[in-house]
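Okay, query27.txt is below, compact mmCIF, C-alpha atoms:
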```txt
# COMPACT_ATOMS: atom_id res chain seq x y z
CA MET J 136 117.05 108.30 64.40
CA ASN J 137 120.26 106.64 65.59
CA LEU J 138 119.51 103.12 66.83
CA LEU J 139 123.15 102.28 67.60
CA PRO J 140 124.14 102.29 71.30
CA ALA J 141 126.36 105.09 72.54
CA LEU J 142 130.07 104.28 72.45
CA ALA J 143 130.75 105.72 75.91
CA PRO J 144 129.68 103.21 78.59
CA ASP J 145 127.28 104.19 81.35
CA PRO J 146 129.24 105.27 84.50
CA TYR J 147 127.02 102.97 86.57
CA ILE J 148 128.08 100.00 84.44
CA LEU J 149 131.72 101.02 84.85
CA ILE J 150 131.26 101.13 88.62
CA LEU J 151 129.77 97.62 88.61
CA LEU J 152 132.64 96.38 86.43
CA GLY J 153 135.24 97.98 88.69
CA ALA J 154 133.55 96.60 91.81
CA GLY J 155 133.60 93.11 90.31
CA PHE J 156 137.32 93.29 89.57
CA LEU J 157 138.00 94.76 93.02
CA ILE J 158 136.16 91.96 94.85
CA ALA J 159 138.02 89.38 92.76
CA LEU J 160 141.32 91.00 93.75
CA VAL J 161 140.26 91.01 97.41
CA ALA J 162 139.76 87.25 97.23
CA TRP J 163 142.78 86.38 95.10
CA LEU J 164 145.61 88.81 95.89
CA PRO J 165 146.29 87.75 99.51
CA LEU J 166 146.88 84.18 98.28
CA ALA J 167 149.04 85.31 95.35
CA LEU J 168 151.18 87.56 97.56
CA LYS J 169 151.54 85.07 100.43
CA ARG J 170 155.20 84.26 99.85
CA LEU J 171 156.26 87.37 97.96
CA PRO J 172 158.03 90.38 99.50
CA LEU J 173 155.01 92.41 98.50
CA SER J 174 151.83 93.41 100.30
CA LEU J 175 148.22 94.03 99.32
CA PRO J 176 148.40 97.77 100.26
CA ILE J 177 151.36 98.27 97.87
CA VAL J 178 149.34 96.76 95.01
CA CYS J 179 146.33 98.96 95.91
CA ILE J 180 148.41 102.16 95.93
CA ALA J 181 149.96 101.25 92.56
CA LEU J 182 146.54 100.38 91.13
CA GLY J 183 145.12 103.71 92.29
CA MET J 184 148.00 105.64 90.74
CA ALA J 185 147.50 103.80 87.45
CA ILE J 186 143.72 104.32 87.38
CA PHE J 187 143.82 108.02 88.18
CA SER J 188 146.60 108.62 85.65
CA LEU J 189 144.16 107.75 82.86
CA PRO J 190 142.85 110.84 81.04
CA GLN J 191 139.31 109.40 81.11
CA VAL J 192 139.26 109.56 84.93
CA THR J 193 138.44 113.13 85.93
CA LEU J 194 137.71 112.66 89.65
CA SER J 195 140.33 114.18 91.95
CA PRO J 196 140.25 112.18 95.22
CA LEU J 197 142.30 114.64 97.30
CA PRO J 198 141.30 114.32 100.98
CA MET J 199 141.29 118.09 101.50
CA ALA J 200 138.67 118.40 98.73
CA TYR J 201 136.29 116.04 100.56
CA PRO J 202 137.07 116.50 104.28
CA GLU J 203 133.83 115.03 105.65
CA VAL J 204 133.86 112.05 103.30
CA THR J 205 137.52 111.39 104.16
CA GLU J 206 136.78 111.44 107.88
CA ARG J 207 133.72 109.20 107.69
CA PHE J 208 135.06 106.64 105.24
CA SER J 209 138.36 106.20 107.10
CA GLU J 210 136.36 105.98 110.35
CA PHE J 211 134.30 103.12 108.89
CA VAL J 212 137.38 101.19 107.78
CA VAL J 213 139.02 101.55 111.21
CA ILE J 214 136.03 100.37 113.27
CA ILE J 215 135.60 97.27 111.08
CA ALA J 216 139.32 96.52 111.46
CA LEU J 217 139.11 96.94 115.24
CA MET J 218 136.30 94.40 115.49
CA GLY J 219 138.29 91.95 113.37
CA ALA J 220 141.43 92.48 115.47
CA GLY J 221 139.59 91.85 118.73
CA LEU J 222 137.82 88.73 117.50
CA LYS J 223 141.03 87.01 116.40
CA ILE J 224 142.98 87.44 119.66
CA ASP J 225 143.07 84.08 121.43
CA ARG J 226 144.85 85.28 124.58
CA VAL J 227 142.58 85.87 127.57
CA PHE J 228 142.65 89.48 128.72
CA GLY J 229 144.85 90.12 131.76
CA PHE J 230 147.14 92.89 132.95
CA ARG J 231 150.17 90.59 133.23
CA SER J 232 149.54 88.50 130.10
CA TRP J 233 148.97 91.70 128.11
CA SER J 234 152.10 93.41 129.44
CA VAL J 235 153.58 93.95 125.96
CA ALA J 236 150.45 95.88 124.94
CA TRP J 237 150.54 98.10 128.03
CA ARG J 238 154.18 98.93 127.40
CA LEU J 239 153.52 99.91 123.80
CA ILE J 240 150.47 101.96 124.78
CA ALA J 241 151.70 103.62 128.00
CA ILE J 242 155.34 104.22 127.06
CA THR J 243 155.97 103.88 123.32
CA MET J 244 152.94 105.82 122.07
CA PRO J 245 153.31 108.87 124.37
CA LEU J 246 157.05 109.01 123.60
CA SER J 247 156.25 108.90 119.89
CA ILE J 248 153.65 111.66 120.21
CA LEU J 249 156.07 113.83 122.18
CA ALA J 250 158.93 113.29 119.72
CA ILE J 251 156.78 113.89 116.61
CA THR J 252 155.28 117.01 118.21
CA ALA J 253 158.76 118.36 118.94
CA LEU J 254 159.83 117.53 115.38
CA GLY J 255 156.75 119.25 113.97
CA GLY J 256 157.22 122.38 116.07
CA TRP J 257 160.98 122.86 115.89
CA TRP J 258 161.94 121.21 112.60
CA ILE J 259 158.90 121.56 110.32
CA GLY J 260 157.82 124.89 111.83
CA LEU J 261 154.20 124.10 112.68
CA SER J 262 152.26 125.74 115.48
CA TRP J 263 152.40 123.63 118.64
CA ALA J 264 148.72 122.71 118.45
CA THR J 265 149.11 121.58 114.84
CA ALA J 266 152.34 119.75 115.66
CA LEU J 267 150.51 117.89 118.45
CA LEU J 268 147.78 116.90 116.00
CA LEU J 269 150.48 115.56 113.67
CA GLY J 270 152.02 113.60 116.54
CA ALA J 271 148.67 112.13 117.61
CA ALA J 272 147.86 111.17 114.01
CA LEU J 273 151.19 109.50 113.26
CA ALA J 274 151.96 107.77 116.57
CA PRO J 275 149.39 104.90 116.58
CA THR J 276 150.10 101.61 114.84
CA ASP J 277 147.36 101.05 112.28
CA PRO J 278 144.91 98.16 112.78
CA VAL J 279 144.08 98.08 109.06
CA LEU J 280 147.44 97.94 107.30
CA ALA J 281 149.13 95.90 110.04
CA ALA J 282 147.21 92.73 109.15
CA ASP J 283 150.34 90.97 107.85
CA VAL J 284 152.05 91.25 111.25
CA GLN J 285 149.00 90.45 113.36
CA VAL J 286 147.79 87.19 114.87
CA GLY J 287 145.99 84.68 112.65
CA PRO J 288 142.27 83.87 112.65
CA PRO J 289 140.59 82.63 115.87
CA GLN J 290 141.97 79.31 117.14
CA SER J 291 144.63 79.19 114.39
CA GLY J 292 147.54 79.08 116.85
CA GLN J 293 149.28 82.01 115.12
CA GLU J 294 149.75 84.11 118.23
CA ASP J 295 153.40 84.50 119.25
CA GLU J 296 154.42 87.47 121.39
CA VAL J 297 155.33 89.66 118.41
CA ARG J 298 152.06 89.15 116.53
CA PHE J 299 150.04 89.47 119.72
CA GLY J 300 151.87 92.64 120.73
CA LEU J 301 151.31 94.37 117.39
CA THR J 302 147.65 93.26 117.22
CA SER J 303 146.79 94.37 120.75
CA GLU J 304 148.69 97.62 120.29
CA ALA J 305 146.85 98.39 117.05
CA GLY J 306 143.54 97.62 118.75
CA LEU J 307 144.12 99.76 121.81
CA ASN J 308 146.12 102.73 120.61
CA ASP J 309 143.45 104.02 118.23
CA GLY J 310 141.39 104.78 121.32
CA PHE J 311 144.20 105.98 123.57
CA ALA J 312 145.55 108.40 120.93
CA PHE J 313 142.24 110.26 120.80
CA PRO J 314 142.81 112.33 123.98
CA PHE J 315 145.86 113.86 122.30
CA VAL J 316 143.86 114.70 119.17
CA HIS J 317 141.31 116.44 121.41
CA LEU J 318 144.13 118.19 123.26
CA ALA J 319 145.40 119.61 119.96
CA ILE J 320 141.88 120.82 119.10
CA LEU J 321 141.48 122.31 122.58
CA LEU J 322 144.84 124.11 122.49
CA SER J 323 144.02 125.52 119.08
CA ALA J 324 140.69 126.86 120.38
CA VAL J 325 142.09 128.47 123.55
CA ALA J 326 145.26 129.85 121.96
CA ALA J 327 143.67 133.27 121.46
CA THR J 328 141.61 133.41 124.67
CA GLY J 329 144.03 131.93 127.17
CA GLU J 330 141.22 130.08 128.95
CA PRO J 331 142.19 127.25 131.35
CA TRP J 332 142.05 123.88 129.64
CA LEU J 333 143.91 121.26 131.68
CA ALA J 334 141.09 120.35 134.11
CA HIS J 335 138.56 120.01 131.28
CA TRP J 336 140.89 117.88 129.20
CA LEU J 337 141.82 115.53 132.05
CA SER J 338 138.31 115.12 133.44
CA TYR J 339 136.35 114.92 130.19
CA ASN J 340 138.63 113.86 127.32
CA VAL J 341 140.77 111.48 129.37
CA VAL J 342 138.81 110.13 132.35
CA TRP J 343 135.25 110.24 131.05
CA GLU J 344 135.74 109.40 127.38
CA ILE J 345 138.17 106.55 128.03
CA GLY J 346 136.23 105.20 131.01
CA ALA J 347 132.85 105.38 129.30
CA GLY J 348 134.30 103.87 126.11
CA VAL J 349 135.68 100.85 127.97
CA ALA J 350 132.50 100.39 130.03
CA GLY J 351 130.19 100.83 127.06
CA GLY J 352 132.20 98.46 124.90
CA TYR J 353 132.20 95.84 127.64
CA LEU J 354 128.42 96.05 128.18
CA VAL J 355 127.67 95.79 124.45
CA GLY J 356 130.07 92.86 124.14
CA ARG J 357 128.42 91.09 127.07
CA ALA J 358 124.96 91.66 125.59
CA PHE J 359 125.91 90.35 122.15
CA GLY J 360 127.82 87.45 123.69
CA TRP J 361 124.75 86.39 125.69
CA LEU J 362 122.39 86.77 122.72
CA THR J 363 124.75 84.86 120.45
CA PHE J 364 125.89 81.99 122.63
CA HIS J 365 123.89 81.73 125.87
CA VAL J 366 120.18 82.29 125.26
CA PRO J 367 117.98 79.16 124.85
CA ALA J 368 119.40 76.95 122.08
CA LYS J 369 116.69 77.49 119.46
CA THR J 370 116.90 81.27 119.48
CA LYS J 371 120.57 82.09 120.05
CA LEU J 372 122.18 84.07 117.26
CA ALA J 373 125.00 81.57 116.68
CA LYS J 374 122.36 79.28 115.17
CA THR J 375 122.02 81.69 112.25
CA GLY J 376 125.60 81.01 111.12
CA ASP J 377 125.59 84.60 109.88
CA GLY J 378 128.79 86.53 110.58
CA LEU J 379 126.93 89.81 110.08
CA ILE J 380 126.29 89.68 113.83
CA ALA J 381 129.85 90.98 114.27
CA VAL J 382 129.13 93.94 112.00
CA SER J 383 125.98 94.63 114.01
CA ALA J 384 127.97 94.57 117.25
CA THR J 385 130.51 96.96 115.69
CA PHE J 386 127.91 99.55 114.71
CA VAL J 387 125.90 99.26 117.96
CA SER J 388 129.02 99.59 120.11
CA TYR J 389 130.38 102.52 118.15
CA GLY J 390 127.04 104.28 117.87
CA LEU J 391 126.01 103.99 121.51
CA THR J 392 129.37 105.06 122.90
CA GLU J 393 129.66 108.00 120.51
CA ILE J 394 126.17 109.13 121.54
CA VAL J 395 127.39 109.48 125.15
CA HIS J 396 130.55 111.25 123.91
CA SER J 397 133.12 108.58 124.60
CA TYR J 398 135.75 106.89 122.45
CA GLY J 399 133.99 104.59 120.02
CA PHE J 400 137.23 103.13 118.66
CA LEU J 401 138.20 101.89 122.10
CA ALA J 402 134.64 100.66 122.71
CA VAL J 403 134.59 98.57 119.51
CA PHE J 404 137.83 96.82 120.39
CA VAL J 405 136.63 96.11 123.94
CA THR J 406 133.32 94.83 122.53
CA ALA J 407 135.23 92.47 120.23
CA LEU J 408 137.36 91.13 123.11
CA THR J 409 134.30 90.65 125.32
CA PHE J 410 132.31 89.05 122.50
CA ARG J 411 135.17 86.62 121.87
CA HIS J 412 135.41 85.79 125.58
CA ALA J 413 131.70 84.84 125.69
CA HIS J 414 132.55 81.52 124.02
CA ARG J 415 136.19 81.39 122.98
CA ASP J 416 136.18 78.03 121.18
CA HIS J 417 132.91 78.26 119.24
CA ASP J 418 133.27 77.86 115.47
CA PHE J 419 130.99 80.87 114.98
CA GLN J 420 133.89 83.08 116.10
CA LEU J 421 135.67 82.16 112.88
CA ASP J 422 132.56 82.92 110.80
CA MET J 423 132.32 86.40 112.33
CA HIS J 424 136.02 87.07 111.86
CA GLN J 425 135.98 85.97 108.22
CA LEU J 426 133.12 88.29 107.33
CA THR J 427 134.62 91.33 109.07
CA GLU J 428 137.96 90.61 107.39
CA GLN J 429 136.33 90.50 103.95
CA ILE J 430 134.49 93.79 104.51
CA GLU J 431 137.66 95.35 105.90
CA ARG J 432 139.72 94.27 102.88
CA ILE J 433 137.21 95.66 100.38
CA ALA J 434 136.94 99.00 102.19
CA MET J 435 140.71 99.18 102.68
CA MET J 436 141.37 98.54 99.00
CA VAL J 437 138.92 101.26 97.95
CA LEU J 438 140.51 103.76 100.34
CA LEU J 439 144.08 102.92 99.27
CA ILE J 440 143.15 103.11 95.60
CA LEU J 441 141.81 106.60 96.30
CA LEU J 442 145.02 107.40 98.22
CA GLY J 443 147.05 106.29 95.20
CA GLY J 444 144.89 108.53 93.05
CA SER J 445 145.38 111.48 95.39
CA ILE J 446 149.16 111.04 95.09
CA VAL J 447 148.86 111.31 91.31
CA GLU J 448 146.62 114.37 91.74
CA GLY J 449 149.20 116.24 93.81
CA LEU J 450 148.78 115.19 97.46
CA LEU J 451 152.54 115.40 97.99
CA ALA J 452 153.04 118.66 96.07
CA SER J 453 153.44 120.76 99.23
CA LEU J 454 156.38 118.73 100.55
CA THR J 455 159.77 120.26 101.19
CA TRP J 456 163.03 118.43 101.77
CA THR J 457 162.62 119.32 105.45
CA ASP J 458 159.33 117.42 105.49
CA VAL J 459 160.89 114.40 103.76
CA ALA J 460 163.66 114.29 106.36
CA ALA J 461 161.09 114.55 109.14
CA VAL J 462 159.09 111.63 107.71
CA ALA J 463 162.25 109.52 107.50
CA ALA J 464 163.00 110.34 111.13
CA ILE J 465 159.48 109.37 112.21
CA LEU J 466 159.67 105.96 110.52
CA LEU J 467 163.33 105.08 111.03
CA VAL J 468 164.18 106.72 114.35
CA ILE J 469 161.22 107.84 116.46
CA ARG J 470 159.05 104.71 116.31
CA PRO J 471 161.92 102.17 116.57
CA VAL J 472 163.64 103.99 119.42
CA SER J 473 160.46 104.67 121.40
CA GLY J 474 159.43 101.05 120.79
CA LEU J 475 162.70 99.71 122.17
CA ILE J 476 162.47 102.04 125.18
CA GLY J 477 158.95 100.83 125.92
CA LEU J 478 160.10 97.20 125.79
CA ILE J 479 163.10 97.55 128.11
CA GLY J 480 162.96 94.70 130.62
CA HIS J 481 160.25 92.77 128.77
CA ARG J 482 160.65 89.01 128.52
CA THR J 483 160.94 89.01 124.71
CA ASN J 484 164.39 88.53 123.20
CA LEU J 485 166.23 91.20 121.23
CA ARG J 486 165.05 89.95 117.83
CA GLU J 487 161.41 90.10 118.92
CA ARG J 488 161.82 93.55 120.46
CA LEU J 489 163.40 94.86 117.26
CA ILE J 490 160.50 93.55 115.17
CA LEU J 491 157.92 94.99 117.58
CA ALA J 492 159.67 98.35 117.48
CA PHE J 493 160.12 98.38 113.70
CA PHE J 494 156.61 97.44 112.57
CA GLY J 495 154.76 100.51 113.79
CA ILE J 496 152.82 100.72 110.54
CA ARG J 497 151.09 104.04 109.75
CA GLY J 498 147.93 103.99 107.68
CA VAL J 499 144.17 104.50 107.71
CA GLY J 500 144.04 105.56 111.37
CA SER J 501 146.40 108.45 110.59
CA ILE J 502 144.09 109.58 107.78
CA TYR J 503 141.13 109.54 110.14
CA TYR J 504 142.81 111.42 112.97
CA LEU J 505 144.16 114.14 110.71
CA ALA J 506 140.79 114.55 108.96
CA TYR J 507 138.97 114.64 112.30
CA GLY J 508 141.40 117.15 113.79
CA LEU J 509 141.36 119.51 110.82
CA ASN J 510 137.56 119.30 110.60
CA HIS J 511 137.25 120.36 114.24
CA MET J 512 139.98 123.01 114.38
CA LYS J 513 139.85 126.49 112.94
CA ALA J 514 140.99 126.71 109.33
CA ASP J 515 144.70 125.99 109.07
CA PRO J 516 146.54 127.53 106.10
CA GLY J 517 149.09 124.72 106.37
CA ALA J 518 146.53 121.90 106.02
CA ASP J 519 147.81 120.91 102.55
CA ARG J 520 151.31 120.52 103.96
CA LEU J 521 150.01 118.41 106.84
CA TRP J 522 148.22 116.11 104.40
CA ALA J 523 151.41 115.88 102.35
CA VAL J 524 153.48 114.86 105.39
CA VAL J 525 150.92 112.27 106.53
CA GLY J 526 150.46 111.00 102.96
CA LEU J 527 154.20 110.53 102.48
CA THR J 528 154.49 108.81 105.88
CA ILE J 529 151.74 106.34 104.97
CA LEU J 530 153.20 105.75 101.50
CA LEU J 531 156.73 105.09 102.77
CA SER J 532 155.40 102.96 105.63
CA ILE J 533 153.40 100.84 103.18
CA LEU J 534 156.48 100.39 100.98
CA MET J 535 159.03 99.86 103.74
CA HIS J 536 156.96 97.54 105.91
CA GLY J 537 155.20 95.84 103.00
CA LEU J 538 158.46 94.84 101.31
CA THR J 539 160.02 93.53 104.52
CA VAL J 540 157.10 91.92 106.35
CA THR J 541 157.11 88.56 104.56
CA PRO J 542 160.85 87.73 104.87
CA ILE J 543 161.08 89.08 108.43
CA MET J 544 158.02 87.24 109.76
CA ARG J 545 159.00 84.00 108.02
CA ARG J 546 162.47 84.24 109.54
CA LEU J 547 160.90 84.89 112.95
CA ASP J 548 158.75 81.77 112.61
CA ARG J 549 161.75 79.63 111.73
CA SER J 550 163.79 81.04 114.63
CA GLN J 551 161.00 80.01 117.00
CA GLY J 552 160.80 76.49 115.58
CA ARG J 553 157.64 77.02 113.50
CA ASP J 554 157.15 76.19 109.86
CA PRO J 555 155.80 79.36 108.20
CA ASP J 556 154.03 77.24 105.59
CA GLU J 557 152.41 74.85 108.06
CA HIS J 558 149.18 76.83 108.49
CA GLU J 559 148.62 77.21 104.75
CA ALA J 560 149.41 73.53 104.16
CA GLY J 561 146.85 72.55 106.80
CA LYS J 562 144.21 74.74 105.18
CA ALA J 563 144.91 73.22 101.77
CA GLU J 564 144.71 69.70 103.18
CA ARG J 565 141.37 70.42 104.86
CA GLN J 566 140.04 71.91 101.64
CA GLU J 567 141.09 68.83 99.67
CA GLN J 568 139.35 66.58 102.18
CA GLU J 569 136.18 68.64 101.89
CA ASP J 570 136.35 68.50 98.09
CA GLU J 571 136.82 64.73 98.16
CA GLY J 572 133.83 64.42 100.49
CA VAL J 573 131.68 66.47 98.14
CA GLY J 574 132.82 64.38 95.19
CA ALA J 575 132.05 61.12 97.00
CA ARG J 576 128.56 62.33 97.91
CA GLY J 577 127.98 63.43 94.34
```

Turn the structure described in the file into structure tokens.
Amino acid sequence: MNLLPALAPDPYILILLGAGFLIALVAWLPLALKRLPLSLPIVCIALGMAIFSLPQVTLSPLPMAYPEVTERFSEFVVIIALMGAGLKIDRVFGFRSWSVAWRLIAITMPLSILAITALGGWWIGLSWATALLLGAALAPTDPVLAADVQVGPPQSGQEDEVRFGLTSEAGLNDGFAFPFVHLAILLSAVAATGEPWLAHWLSYNVVWEIGAGVAGGYLVGRAFGWLTFHVPAKTKLAKTGDGLIAVSATFVSYGLTEIVHSYGFLAVFVTALTFRHAHRDHDFQLDMHQLTEQIERIAMMVLLILLGGSIVEGLLASLTWTDVAAVAAILLVIRPVSGLIGLIGHRTNLRERLILAFFGIRGVGSIYYLAYGLNHMKADPGADRLWAVVGLTILLSILMHGLTVTPIMRRLDRSQGRDPDEHEAGKAERQEQEDEGVGARG
């Protein structure tokens, strides 16, 4: 009888070990990368490529191999990111004060969808329904990977027009892009039958699903805001000090609005804005934001590690040079040009408009929309090529925007008379004061 333990470790133990290292990286990497021309997503992609290059790792995390898992996991990451984005916006909602967001949503995004659809149909050679799905998947700015160009935590004062514009755009466009995903699915379904589709799409997918999503998100936000801040003092949820309330609001908002067939992404963002408005200056807002940000970072890192692994496993194998040129055009021409067109006449200066137009980061939202579309359309023989195009777009966006975000945003801060290190210095000073207080009490 062999009493020696087996040399090969238990997979469960390996998972625990990996999770421990991952959580440590979640806590430490943002601080380590703060001043470097490098971003957390770049590190995650590289880590995933390294892990899945090991011969001992036999899992192949290709999204087309696990279509349902890909859709649901990316959906989870996006809704958590939308709650976090809404909670950290200090600016009170208003049609005039949010003008930069409306321009990016109403002008820039449709122009991007139209241009990418035309590129997909005429240049890549996709069917028009599939090209529209590609356009709808790649047009929205991602709320997950755009964290480095978004506003700071609640009440931090890090909310200039550029950061606010990119945060509000990322929060809103994930909901407003959905009608175009449904239009692609609808056109694919009626291509053979020739049935009328326009009235159904406008009345149901546009008017109802957007309207019900906004209304449902507002009502859930009002309910959670009242329970958290305005019920009698001894029983209000803010007394718990538990930021999980924000996660609860996320799931309730998304679940209820999806049950009535409306856009849950839009509802979650509206819930977050309404929740924040219930008591804008309460310290509990920061507690809720911090928890959602931590969950978002962990989930994002897992997904990007898997994306890095899928690249090693052949995600980009179906690419042609035509596809590579199309991806370059999407990132370097279509988004910047449509962004500048949408911002014509806005009060921002040229430098700010260029930054707003350039940082249309593609990421987790694109993965979700493509997975959702392909899962609801008839089988497409070109699905592997679509995943390759979207995968390359996300990879190049992570590299291009990740390497430039730190120097560009620091230069923007200095041009506007702000010290880019002031916020971090203030946090460090407060932490030192707290440590000294603990030491004195001890």

Set the distance at 12 Å and use only C-alpha atoms: which residues neighbour Ile496 in chain J once local chain neighbours fewer than 3 positions away are removed? I'd like the list as a tab-separated table (two decimals) with C-alpha atoms, in the frame of the given file.
```
chain	number	residue	atom	x	y	z
J	176	PRO	CA	148.40	97.77	100.26
J	273	LEU	CA	151.19	109.50	113.26
J	274	ALA	CA	151.96	107.77	116.57
J	275	PRO	CA	149.39	104.90	116.58
J	276	THR	CA	150.10	101.61	114.84
J	277	ASP	CA	147.36	101.05	112.28
J	278	PRO	CA	144.91	98.16	112.78
J	279	VAL	CA	144.08	98.08	109.06
J	280	LEU	CA	147.44	97.94	107.30
J	281	ALA	CA	149.13	95.90	110.04
J	282	ALA	CA	147.21	92.73	109.15
J	283	ASP	CA	150.34	90.97	107.85
J	284	VAL	CA	152.05	91.25	111.25
J	285	GLN	CA	149.00	90.45	113.36
J	301	LEU	CA	151.31	94.37	117.39
J	302	THR	CA	147.65	93.26	117.22
J	304	GLU	CA	148.69	97.62	120.29
J	305	ALA	CA	146.85	98.39	117.05
J	465	ILE	CA	159.48	109.37	112.21
J	466	LEU	CA	159.67	105.96	110.52
J	467	LEU	CA	163.33	105.08	111.03
J	470	ARG	CA	159.05	104.71	116.31
J	471	PRO	CA	161.92	102.17	116.57
J	490	ILE	CA	160.50	93.55	115.17
J	491	LEU	CA	157.92	94.99	117.58
J	492	ALA	CA	159.67	98.35	117.48
J	493	PHE	CA	160.12	98.38	113.70
J	499	VAL	CA	144.17	104.50	107.71
J	500	GLY	CA	144.04	105.56	111.37
J	501	SER	CA	146.40	108.45	110.59
J	528	THR	CA	154.49	108.81	105.88
J	529	ILE	CA	151.74	106.34	104.97
J	530	LEU	CA	153.20	105.75	101.50
J	531	LEU	CA	156.73	105.09	102.77
J	532	SER	CA	155.40	102.96	105.63
J	533	ILE	CA	153.40	100.84	103.18
J	534	LEU	CA	156.48	100.39	100.98
J	535	MET	CA	159.03	99.86	103.74
J	536	HIS	CA	156.96	97.54	105.91
J	537	GLY	CA	155.20	95.84	103.00
J	539	THR	CA	160.02	93.53	104.52
J	540	VAL	CA	157.10	91.92	106.35
```

Per residue of range 200-252 of chain J within 9 Å of range 480-485 of chain J, which atom pair is closest and at what distance in Å (one decimal), using all atoms listed in the file, listed by chain and increasing number, as JSON lines?
```
{"residue": "J:Ser234", "atom": "CA", "partner": "J:His481", "partner_atom": "CA", "distance": 8.2}
{"residue": "J:Val235", "atom": "CA", "partner": "J:His481", "partner_atom": "CA", "distance": 7.3}
{"residue": "J:Arg238", "atom": "CA", "partner": "J:His481", "partner_atom": "CA", "distance": 8.8}
```

Could the residues in this selection be written to a file with C-alpha atoms, as a PDB file, in the coordinates of the input?
```
ATOM      1  CA  SER J 234     152.100  93.410 129.440  1.00  0.00           C
ATOM      2  CA  VAL J 235     153.580  93.950 125.960  1.00  0.00           C
ATOM      3  CA  ARG J 238     154.180  98.930 127.400  1.00  0.00           C
TER       4      ARG J 238
END
```

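Here CA of Glu206 in chain J is placed at a distance of 8.4 Å from CA of Asn510 in chain J.
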
Quiz item: From the set J:Ile214, J:Ile150, J:Leu450, J:Leu321, which residue has the shortest atom-to-atom contact distance to Thr406 in chain J, counting only C-alpha atoms?
Solution: J:Ile214

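Using only C-alpha atoms, the shortest contact distance between Trp522 in chain J and any of J:Val286, J:Ala162, J:Leu509, J:Ala236 is found at J:Leu509.
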
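Shortest separation to Ala358 in chain J among J:Ala413, J:Met423, J:Ala434, J:Val395 occurs at residue J:Ala413, atoms counted being all atoms listed in the file.
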
Could you give me, as an mmCIF file with C-alpha atoms, in the frame of the given file, the residues within 10 Å of range 216-222 of chain J, counting all atoms listed in the file and dropping anything in the same chain fewer than 6 positions from it?
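The resulting file, around.cif, is shown below:
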```cif
data_model
loop_
_atom_site.group_PDB
_atom_site.id
_atom_site.type_symbol
_atom_site.label_atom_id
_atom_site.label_comp_id
_atom_site.auth_asym_id
_atom_site.auth_seq_id
_atom_site.Cartn_x
_atom_site.Cartn_y
_atom_site.Cartn_z
ATOM 1 C CA GLU J 210 136.360 105.980 110.350
ATOM 2 C CA ASP J 277 147.360 101.050 112.280
ATOM 3 C CA PRO J 278 144.910 98.160 112.780
ATOM 4 C CA VAL J 279 144.080 98.080 109.060
ATOM 5 C CA LEU J 280 147.440 97.940 107.300
ATOM 6 C CA ALA J 281 149.130 95.900 110.040
ATOM 7 C CA ALA J 282 147.210 92.730 109.150
ATOM 8 C CA GLN J 285 149.000 90.450 113.360
ATOM 9 C CA VAL J 286 147.790 87.190 114.870
ATOM 10 C CA GLY J 287 145.990 84.680 112.650
ATOM 11 C CA PRO J 288 142.270 83.870 112.650
ATOM 12 C CA PRO J 289 140.590 82.630 115.870
ATOM 13 C CA THR J 302 147.650 93.260 117.220
ATOM 14 C CA SER J 303 146.790 94.370 120.750
ATOM 15 C CA ALA J 305 146.850 98.390 117.050
ATOM 16 C CA GLY J 306 143.540 97.620 118.750
ATOM 17 C CA LEU J 307 144.120 99.760 121.810
ATOM 18 C CA ASP J 309 143.450 104.020 118.230
ATOM 19 C CA ALA J 381 129.850 90.980 114.270
ATOM 20 C CA VAL J 382 129.130 93.940 112.000
ATOM 21 C CA ALA J 384 127.970 94.570 117.250
ATOM 22 C CA THR J 385 130.510 96.960 115.690
ATOM 23 C CA PHE J 386 127.910 99.550 114.710
ATOM 24 C CA PHE J 400 137.230 103.130 118.660
ATOM 25 C CA LEU J 401 138.200 101.890 122.100
ATOM 26 C CA ALA J 402 134.640 100.660 122.710
ATOM 27 C CA VAL J 403 134.590 98.570 119.510
ATOM 28 C CA PHE J 404 137.830 96.820 120.390
ATOM 29 C CA VAL J 405 136.630 96.110 123.940
ATOM 30 C CA THR J 406 133.320 94.830 122.530
ATOM 31 C CA ALA J 407 135.230 92.470 120.230
ATOM 32 C CA LEU J 408 137.360 91.130 123.110
ATOM 33 C CA THR J 409 134.300 90.650 125.320
ATOM 34 C CA PHE J 410 132.310 89.050 122.500
ATOM 35 C CA ARG J 411 135.170 86.620 121.870
ATOM 36 C CA HIS J 412 135.410 85.790 125.580
ATOM 37 C CA ARG J 415 136.190 81.390 122.980
ATOM 38 C CA GLN J 420 133.890 83.080 116.100
ATOM 39 C CA LEU J 421 135.670 82.160 112.880
ATOM 40 C CA MET J 423 132.320 86.400 112.330
ATOM 41 C CA HIS J 424 136.020 87.070 111.860
ATOM 42 C CA GLN J 425 135.980 85.970 108.220
ATOM 43 C CA LEU J 426 133.120 88.290 107.330
ATOM 44 C CA THR J 427 134.620 91.330 109.070
ATOM 45 C CA GLU J 428 137.960 90.610 107.390
ATOM 46 C CA GLN J 429 136.330 90.500 103.950
ATOM 47 C CA ILE J 430 134.490 93.790 104.510
ATOM 48 C CA GLU J 431 137.660 95.350 105.900
ATOM 49 C CA ARG J 432 139.720 94.270 102.880
ATOM 50 C CA ALA J 434 136.940 99.000 102.190
ATOM 51 C CA MET J 435 140.710 99.180 102.680
#
```

Practice problem: Please check which residues have atoms at most 12 Å from (144.2, 99.2, 94.3) in the file's coordinates, counting all atoms listed in the file, and write them as a PyMOL selection string. | Solution: chain J and resi 153-154+156-161+164+174-187+432-444
